[in-house]
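J.: Here it is: the structure, laid out below.
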Amino acid sequence: MASTKNNLEILLEDNHFIIINKKSGEIVQGDKTGDTPLSEIVKEYIKEKYNKPGNVFLGVVHRLDRPTTGIVVFARTSKALERFNKMLREKQVNKTYWAVVKNKPTKNEDTLTGFLRKNPKNNKSTSYSTETEGSKKAVLHYKLLKSLDNYHLLEVDLETGRHHQIRCQLASIGSPIKGDLKYGFDRSNKDASIHLHARKIEFIHPVTKENITITAPTPNDVIWNACK
């Protein structure tokens with residue numbers, strides 16, 4: 001059950017990790033903007049809640065792009081961080097995303113394989129059909145969940161975790177994500193978000209070994225609400 005504290009929507013919390021439903025515009029880790037990152041807000045919350053003196057340990061397990069919403073996992077101990085990193089390397093963490101696109105893909109279900117190369121100058125990735133210098137193989141699976149009047153809801157499962165992978169690969173088949181100007185959508189969303197949401201995560205608890213499945217509610221807007 002999600003709880004909201006300090007403006008944080010907490011999806012699950014225990015002694016080993018904390019899972020947050022990130023809002024659009026929040027950054028997971030500090031960057032050149034100097035804006036307060038989510039990691040610092042979560043640290044402050046833990047410090048206050050548990051009355052912890054000194055520095056609070058918080059490890060960033062994975063990241064989400066600033067305009068993207070949904071599940072972010074933070075480790076509360078170095079041991080949990082180490083085990084999460086191992087699970088990610090061994091592909092034992094399943095992450096499912098929802099994406100709203102304007103142009104319906106030609107296939108209702110497909111696997112996209114490409115080679116993505118990141119350009120650090122404009123913080124953008126380009127997808128190539130064959131391997132090129134500096135590129136990394138990118139694989140995702142998508143299926144159409146629902147069609148609205150003007151938009152289509154896709155469910156995306158990642159096999160690899162590349163820079164802007166979903167945004168870039170969906171754009172490469174002519175289906176850029178709603179609001180994503182960087183990857184070819186025709187106009188931005190008013191709040192500068194994009195309609196990409198980290199919807200679900202499944203993994204084995206790094207300490208107790210129980211199966212964990214968490215689903216993050218979508219943001220409260222007209223399009224996301226119509227997708228339910």
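Residue numbers start at 1 in each chain; chains themselves are named A, B, ... in the order of the structure tokens; ligands are numbered from 1 in the order shown.
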What's around range 146-152 of chain A at 7 Å? Count only C-alpha atoms, leave out sequence neighbours fewer than 6 positions away in its own chain, and write the answer as a ChimeraX atom specification.

T.: /A:100-102,104,227

J.: I'd like the contact shell of Asp110 in chain A - 12 Å cut-off, only C-alpha atoms, skipping same-chain residues fewer than 5 positions apart - returned as a list in words.

T.: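 Contacts, with the query itself left out: Pro105, Val139, Leu140, His141, Tyr142, Lys143, Leu144, Leu154, Glu155, Val156, Asp157, Gln169, Leu170 and Ile173 of chain A.
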
J.: For a test of reading the model, state the distance in Å between CA of Lys200 in chain A and CA of Lys22 in chain A, rounded to one decimal.

T.: 12.6 Å

J.: Quick one: residues within 12 Å of Lys91 in chain A, only C-alpha atoms counted, chain neighbours fewer than 3 positions away excluded, as a PyMOL selection string?

T.: chain A and resi 84-88+94-95+158-161+202-204

J.: For Leu38 in chain A, find every residue with an atom within 9 Å (counting only C-alpha atoms), except residues of its own chain fewer than 3 positions away, and show them as a PyMOL selection string.

T.: chain A and resi 8+22+26-30+41-43

J.: Please report, as CSV, each residue of range 125-182 of chain A lying at most 12 Å from range 48-66 of chain A, together with the nearest pair of atoms and the separation in Å rounded to one decimal; use only C-alpha atoms, and order rows by chain and ascending residue number.

T.:
```
residue,atom,partner,partner_atom,distance
A:Gly161,CA,A:His62,CA,9.7
A:Arg162,CA,A:Arg63,CA,11.0
A:His163,CA,A:Asp65,CA,9.1
A:His164,CA,A:Asp65,CA,7.6
A:Gln165,CA,A:Asp65,CA,10.6
A:Ile166,CA,A:Asp65,CA,10.9
A:Arg167,CA,A:Asp65,CA,10.1
A:Asp180,CA,A:Asp65,CA,11.5
```

J.: Using only C-alpha atoms, which protein or nucleic acid residues come within 12 Å of Thr208 in chain A? Drop anything in the same chain fewer than 4 positions from it, and give the result as a list in words.

T.: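 Listing them by chain and then by number gives Asp14, Asn15, His16, Phe17, Ala80, Arg83, Phe203, Ile204 and Ile212 of chain A.
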
J.: With only C-alpha atoms as the atoms that count, which of A:Lys121, A:Arg76, A:Lys228, A:Lys47 lies nearest to Ile19 in chain A?

T.: A:Arg76

J.: DSSP says strand (DSSP E or B) for which residues of range 34-226 of chain A? Put them as a PyMOL selection string?

T.: chain A and resi 59-60+69-75+94-101+109-119+124-128+136-147+152-158+177+196-204+211-215

J.: Measuring between only C-alpha atoms, which one of A:Gly114, A:Ala216, A:Thr69, A:Glu82 shows the shortest distance to Thr132 in chain A?

T.: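 Between A:Gly114, A:Ala216, A:Thr69, A:Glu82, the residue approaching Thr132 in chain A most closely is A:Gly114.
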
J.: Taking the DSSP assignment computed from this structure's backbone, write out as a PyMOL selection string all residues of range 158-215 of chain A that belong to alpha helix (DSSP H).

T.: chain A and resi 165-172

J.: With only C-alpha atoms as the basis for distance, which of A:Asn7, A:Asn225, A:Ile18, A:Phe115 is at the shortest distance from Leu81 in chain A?

T.: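 Of A:Asn7, A:Asn225, A:Ile18, A:Phe115, the one nearest Leu81 in chain A, counting only C-alpha atoms, is A:Ile18.
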
J.: Would you list the contacts of Lys190 in chain A as a list of chain:residue names, taking every protein, DNA or RNA residue within 12 Å and counting only C-alpha atoms, but skipping same-chain residues closer than 3 positions in sequence?

T.: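 Listed by chain and then number, they are A:Ser24, A:Gly25, A:Pro67, A:Lys178, A:Gly179, A:Asp180, A:Arg187, A:Ser193, A:Ile194, A:His195, A:Asp221.
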
J.: Could you write those residues out with N, CA and C atoms, as a compact mmCIF listing (two decimals), in the first residue's frame?

T.:
```
# COMPACT_ATOMS: atom_id res chain seq x y z
N SER A 24 7.37 13.10 -12.20
CA SER A 24 8.09 13.74 -13.31
C SER A 24 8.79 14.98 -12.79
N GLY A 25 9.98 15.25 -13.30
CA GLY A 25 10.73 16.44 -12.90
C GLY A 25 11.73 16.17 -11.80
N PRO A 67 12.09 13.25 -16.86
CA PRO A 67 10.67 13.41 -17.20
C PRO A 67 9.83 12.15 -17.03
N LYS A 178 4.51 10.13 -26.00
CA LYS A 178 3.80 11.41 -25.85
C LYS A 178 4.61 12.38 -24.99
N GLY A 179 4.84 13.58 -25.51
CA GLY A 179 5.55 14.63 -24.80
C GLY A 179 7.07 14.61 -24.97
N ASP A 180 7.59 13.59 -25.65
CA ASP A 180 9.04 13.43 -25.73
C ASP A 180 9.62 14.14 -26.96
N ARG A 187 4.92 17.80 -29.74
CA ARG A 187 4.79 18.88 -28.74
C ARG A 187 5.03 18.31 -27.35
N SER A 193 6.65 16.59 -18.53
CA SER A 193 6.79 15.14 -18.36
C SER A 193 6.75 14.46 -19.73
N ILE A 194 7.06 13.17 -19.74
CA ILE A 194 6.75 12.35 -20.91
C ILE A 194 5.90 11.19 -20.40
N HIS A 195 5.11 10.59 -21.27
CA HIS A 195 4.21 9.52 -20.85
C HIS A 195 4.92 8.17 -20.88
N ASP A 221 -3.50 12.11 -14.57
CA ASP A 221 -3.81 13.03 -15.68
C ASP A 221 -4.80 12.35 -16.62
```

J.: May I have the residues within 9 Å of Glu131 in chain A as a list of chain:residue names, using only C-alpha atoms and disregarding those fewer than 3 positions away in the same chain?

T.: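 Counting only the stated atoms, we get A:Gly114, A:Phe115, A:Leu116, A:Tyr128, A:Gly134, A:Ser135, A:Lys136, A:Lys137.
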